[in-house]
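Below is one structure, written out as structure tokens, with a few remarks after it.
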Amino acid sequence: MNSDNHFMNRCIELARKGKGHVAPNPLVGAVIVHNGKVIGEGHHEKYGQAHAEVNAVNSVKDQSLLSEATIYVSLEPCAHFGKTPPCADLLTHHNFSRVVVGCTDTFDQVSGKGIEKLQNAGIDITIGVLEKECRALNKHFFTFHEKKRPFVFLKWAETTNGLIDNQNFNSDGEVTWISVPEVKSRVHKWRSEHMAILVGRKTVEADNPSLTVREVSGTNPIRVIIDSQAQLTSDYAVFNNEANTIVLNTKKSENLDGVEYIQLDAINPETLLNTLYEKGIQSVFIEGGAATLQSFIDVNLWDEACTIVGQGAFEEGTKAPQLAGTHTKELFFGDTFKHYKNL
């Protein structure tokens, strides 16, 4: 591995530390190298706070070395004023001898403008080091800006005989868990990495989920509920004050103590994703139920999926969604995780 790849890999490692904290901004890491030695590092830690390049520059004890140094950045430095000043201006101010960029930023307000600023300042610039890996790091961000919709992640648990629940056949009304308890923390980690989490009305009525990240440290996603007739009552956990909730329906539009009702002419995957896009939501984690999940599969509006196959079976119940294609497998405390990507 050459040195550029080595230091860009470190940028990616640093960037990942911002997962669940920087959206809607992208994950970015930066490394400053002088004479082959790392003298500064930084990553974007939280939305609204300093960007990776700023944190990396501020970590360098001897600022006089910056004009002789190379800075590696996983994403093109921004060139516009947002919550913070342009990072491209910071790099030109310190007159870095070289800038190495993992991938360009396709966001309209940046999209080559940061690179142009650096080139106009006479800085030696290299673009596209570990480009595929750097783009994958910000798959939510790029999907949102390039496809004009949120990144869609599907998740469900199913039994060995392909059932997603036995709620309709469980006389006491209690939720019957398919996966082992240890899986819950991993699912909550996934939740924390998405801006929104979505379920249908029947899932709320059957399971009364909170849809929060209480098992891990992170930010609760916005809860999105499909309730076409707006008939769910405020007694359900999704209407507590632990996170904001959006109810997509065909009856009314109003705001009530952290709950926003959005009226749509029709509710389907296309209108739903368009609504979330207009709200600036870059990613949505869809947990159920079966009909909701299948509706996204049927129109091919999904990007990744994970099915968790437990170790038991139900005699009767609701059939799990049907998802075809190649996948990778992983065993986790005896359950089988099947990871799909919609390429």
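Going through the structure tokens in order, the chains are called A, B, and so on, while each chain numbers its residues from 1 and the ligands are numbered from 1 in the order shown.
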Legend entry - Close residues, Ile308 in chain A itself excluded, 10 Å, only C-alpha atoms, min 4 positions apart in chain, as a list in words: Lys155, Trp156, Ala157, Glu158, Thr159, Thr160, Ile164, Ile178, Ser179, Val180, Val183, Lys329, Glu330, Leu331, Phe332, Asp335, Thr336, Phe337, Lys338 and His339 of chain A
Taking C-alpha atoms for each residue, export the selection above as an mmCIF file, in the first residue's frame.
```
data_model
loop_
_atom_site.group_PDB
_atom_site.id
_atom_site.type_symbol
_atom_site.label_atom_id
_atom_site.label_comp_id
_atom_site.auth_asym_id
_atom_site.auth_seq_id
_atom_site.Cartn_x
_atom_site.Cartn_y
_atom_site.Cartn_z
ATOM 1 C CA LYS A 155 -34.541 -4.543 8.144
ATOM 2 C CA TRP A 156 -36.631 -7.355 9.533
ATOM 3 C CA ALA A 157 -36.323 -10.537 11.573
ATOM 4 C CA GLU A 158 -37.825 -13.789 10.355
ATOM 5 C CA THR A 159 -38.092 -17.362 11.587
ATOM 6 C CA THR A 160 -36.409 -20.356 10.026
ATOM 7 C CA ILE A 164 -42.045 -12.295 10.388
ATOM 8 C CA ILE A 178 -37.551 -13.885 16.891
ATOM 9 C CA SER A 179 -33.951 -12.766 17.375
ATOM 10 C CA VAL A 180 -31.819 -13.200 20.489
ATOM 11 C CA VAL A 183 -29.281 -8.363 18.507
ATOM 12 C CA LYS A 329 -23.908 -13.891 5.690
ATOM 13 C CA GLU A 330 -22.819 -13.330 9.247
ATOM 14 C CA LEU A 331 -23.520 -15.373 12.373
ATOM 15 C CA PHE A 332 -24.291 -13.289 15.464
ATOM 16 C CA ASP A 335 -28.787 -15.795 14.519
ATOM 17 C CA THR A 336 -27.969 -15.428 10.820
ATOM 18 C CA PHE A 337 -27.639 -11.929 9.400
ATOM 19 C CA LYS A 338 -28.114 -11.697 5.627
ATOM 20 C CA HIS A 339 -26.862 -8.400 4.210
#
```
Legend entry - Who sits within 8 Å of Ala23 in chain A, only C-alpha atoms, same chain under 6 positions skipped, as a PyMOL selection string: chain A and resi 47+195+282
Mind writing the picked residues with N, CA, C and O atoms as a PDB file, in the first residue's frame?
```pdb
ATOM      1  N   TYR A  47     -22.728  17.884  13.946  1.00  0.00           N
ATOM      2  CA  TYR A  47     -23.344  18.849  13.035  1.00  0.00           C
ATOM      3  C   TYR A  47     -23.345  20.244  13.659  1.00  0.00           C
ATOM      4  O   TYR A  47     -23.691  20.418  14.830  1.00  0.00           O
ATOM      5  N   MET A 195     -31.208   9.103   9.770  1.00  0.00           N
ATOM      6  CA  MET A 195     -31.903  10.304  10.217  1.00  0.00           C
ATOM      7  C   MET A 195     -33.356  10.024  10.570  1.00  0.00           C
ATOM      8  O   MET A 195     -33.957  10.771  11.349  1.00  0.00           O
ATOM      9  N   GLN A 282     -31.943  12.523   4.963  1.00  0.00           N
ATOM     10  CA  GLN A 282     -31.047  11.868   4.019  1.00  0.00           C
ATOM     11  C   GLN A 282     -31.128  10.348   4.038  1.00  0.00           C
ATOM     12  O   GLN A 282     -30.727   9.705   3.072  1.00  0.00           O
TER      13      GLN A 282
END
```
Inset, instruction - as a ChimeraX atom specification, list the residues of range 57-241 of chain A assigned to helix (DSSP H, G or I) by DSSP on the backbone atoms of this structure. - result: /A:57-58,63-68,87-93,113-120,131-137,139-147,167-169,183-192,201-207,237-239
Inset, instruction - For His34 in chain A, list every protein, DNA or RNA residue within 7 Å, evaluated using only C-alpha atoms, and leave out those in the same chain fewer than 2 positions away; present the list as a list in words. - result: Ile32, Gly36, Lys37, Val38, Ile39, Glu68, Ala69 and Thr70 of chain A
Legend entry - Pick from A:Leu272, A:Ile125, A:Leu27, A:Val60 nearest to Lys139 in chain A, counting only C-alpha atoms: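 Looking only at the distances to Lys139 in chain A, the closest residue turns out to be A:Leu27.
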Inset, instruction - With a distance cut-off of 10 Å and only C-alpha atoms, select the neighbouring residues of Ser111 in chain A, excluding the residue or stretch itself and same-chain residues fewer than 4 positions from it, and output the selection as a PyMOL selection string. - result: chain A and resi 76-79+104-107+115-116
Residues of the last selection are to be written out with C-alpha atoms, as a PDB file, in the first residue's frame.
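Result file is selection.pdb:
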```
ATOM      1  CA  GLU A  76     -13.491  17.605  -1.156  1.00  0.00           C
ATOM      2  CA  PRO A  77     -13.111  20.628   1.162  1.00  0.00           C
ATOM      3  CA  CYS A  78     -16.219  22.817   1.205  1.00  0.00           C
ATOM      4  CA  ALA A  79     -16.169  26.139  -0.624  1.00  0.00           C
ATOM      5  CA  THR A 104     -15.291  15.018  -4.915  1.00  0.00           C
ATOM      6  CA  ASP A 105     -18.410  16.404  -3.257  1.00  0.00           C
ATOM      7  CA  THR A 106     -21.445  16.240  -5.569  1.00  0.00           C
ATOM      8  CA  PHE A 107     -23.480  18.602  -3.357  1.00  0.00           C
ATOM      9  CA  ILE A 115     -10.900  21.891  -5.678  1.00  0.00           C
ATOM     10  CA  GLU A 116     -10.993  24.895  -8.008  1.00  0.00           C
TER      11      GLU A 116
END
```
Legend entry - Selection near Thr318 in chain A, 7 Å with only C-alpha atoms, sequence-local residues under 5 positions removed, as a VMD selection string: chain A and resid 163 to 166
Please produce a file of the residues just selected, as a PDB file, in the first residue's frame, where the atoms kept are N, CA, C and O atoms.
```pdb
ATOM      1  N   LEU A 163     -41.346 -16.655   8.585  1.00  0.00           N
ATOM      2  CA  LEU A 163     -42.438 -15.844   9.111  1.00  0.00           C
ATOM      3  C   LEU A 163     -41.877 -14.655   9.885  1.00  0.00           C
ATOM      4  O   LEU A 163     -40.871 -14.772  10.588  1.00  0.00           O
ATOM      5  N   ILE A 164     -42.555 -13.518   9.767  1.00  0.00           N
ATOM      6  CA  ILE A 164     -42.045 -12.295  10.388  1.00  0.00           C
ATOM      7  C   ILE A 164     -42.633 -12.066  11.775  1.00  0.00           C
ATOM      8  O   ILE A 164     -42.056 -11.378  12.602  1.00  0.00           O
ATOM      9  N   ASP A 165     -43.808 -12.621  12.045  1.00  0.00           N
ATOM     10  CA  ASP A 165     -44.397 -12.567  13.382  1.00  0.00           C
ATOM     11  C   ASP A 165     -45.559 -13.550  13.463  1.00  0.00           C
ATOM     12  O   ASP A 165     -46.006 -14.093  12.455  1.00  0.00           O
ATOM     13  N   ASN A 166     -46.027 -13.787  14.676  1.00  0.00           N
ATOM     14  CA  ASN A 166     -47.219 -14.610  14.890  1.00  0.00           C
ATOM     15  C   ASN A 166     -48.275 -13.832  15.653  1.00  0.00           C
ATOM     16  O   ASN A 166     -49.090 -14.382  16.358  1.00  0.00           O
TER      17      ASN A 166
END
```
For Gln119 in chain A, list every protein, DNA or RNA residue within 10 Å, evaluated using only C-alpha atoms, and leave out those in the same chain fewer than 6 positions away; present the list as a compact mmCIF listing (two decimals) with all heavy atoms, in the first residue's frame.
```
# COMPACT_ATOMS: atom_id res chain seq x y z
N THR A 92 -6.02 27.21 1.85
CA THR A 92 -5.24 28.19 1.08
C THR A 92 -4.58 29.21 2.00
O THR A 92 -3.46 29.66 1.74
CB THR A 92 -6.12 28.90 0.04
OG1 THR A 92 -7.21 29.55 0.71
CG2 THR A 92 -6.68 27.91 -0.97
N VAL A 99 -2.56 18.91 -1.23
CA VAL A 99 -3.85 18.44 -0.71
C VAL A 99 -4.24 17.18 -1.45
O VAL A 99 -4.23 17.15 -2.68
CB VAL A 99 -4.96 19.51 -0.86
CG1 VAL A 99 -6.30 18.96 -0.38
CG2 VAL A 99 -4.59 20.78 -0.10
N LYS A 113 -16.02 23.15 -6.61
CA LYS A 113 -15.63 24.52 -6.29
C LYS A 113 -14.49 24.57 -5.27
O LYS A 113 -13.64 25.47 -5.33
CB LYS A 113 -16.84 25.31 -5.77
CG LYS A 113 -17.99 25.44 -6.78
CD LYS A 113 -19.14 26.24 -6.19
CE LYS A 113 -20.30 26.37 -7.18
NZ LYS A 113 -20.97 25.09 -7.42
N ILE A 125 -2.61 19.34 -5.96
CA ILE A 125 -3.76 18.59 -5.48
C ILE A 125 -3.89 17.25 -6.21
O ILE A 125 -3.67 17.16 -7.42
CB ILE A 125 -5.06 19.42 -5.64
CG1 ILE A 125 -6.26 18.69 -5.04
CG2 ILE A 125 -5.32 19.80 -7.08
CD1 ILE A 125 -7.46 19.58 -4.81
```
Inset, instruction - Compare A:Ala305, A:Val213, A:Cys103, A:Leu66 by their minimum atom-to-atom distance to Ala136 in chain A, counting only C-alpha atoms, and give me the closest one. - result: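 Looking at the shortest contact to Ala136 in chain A, the residue is A:Cys103.
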Legend entry - Given only C-alpha atoms as the counted atoms, nearest of A:Leu323, A:Ala50, A:Leu75, A:Val199 to Cys134 in chain A: A:Leu75
Legend entry - Among the residues A:Gly42, A:Gly310, A:Gly128, A:Gly18, the one that comes closest to Glu182 in chain A [using only C-alpha atoms]: A:Gly310
Legend entry - Computed interatomic separation between CA of Asn138 in chain A and CA of Leu276 in chain A (Å): 18.3 Å
Inset, instruction - Assign secondary structure with DSSP using the backbone only, and return the residues of range 167-211 of chain A in strand (DSSP E or B) as a PyMOL selection string. - result: chain A and resi 196-200
Inset, instruction - Considering only C-alpha atoms, state which residue in the set A:Ser59, A:Ser228, A:Ser210, A:Thr271 is at the smallest distance from Lys252 in chain A. - result: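 Ranking A:Ser59, A:Ser228, A:Ser210, A:Thr271 by distance to Lys252 in chain A, first place goes to A:Ser228.
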Inset, instruction - May I ask which of the residues A:Asp227, A:Glu304, A:Glu287, A:Glu315 is the closest one to Asn268 in chain A, counting only C-alpha atoms? - result: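 That would be A:Asp227, the residue with the smallest distance to Asn268 in chain A.
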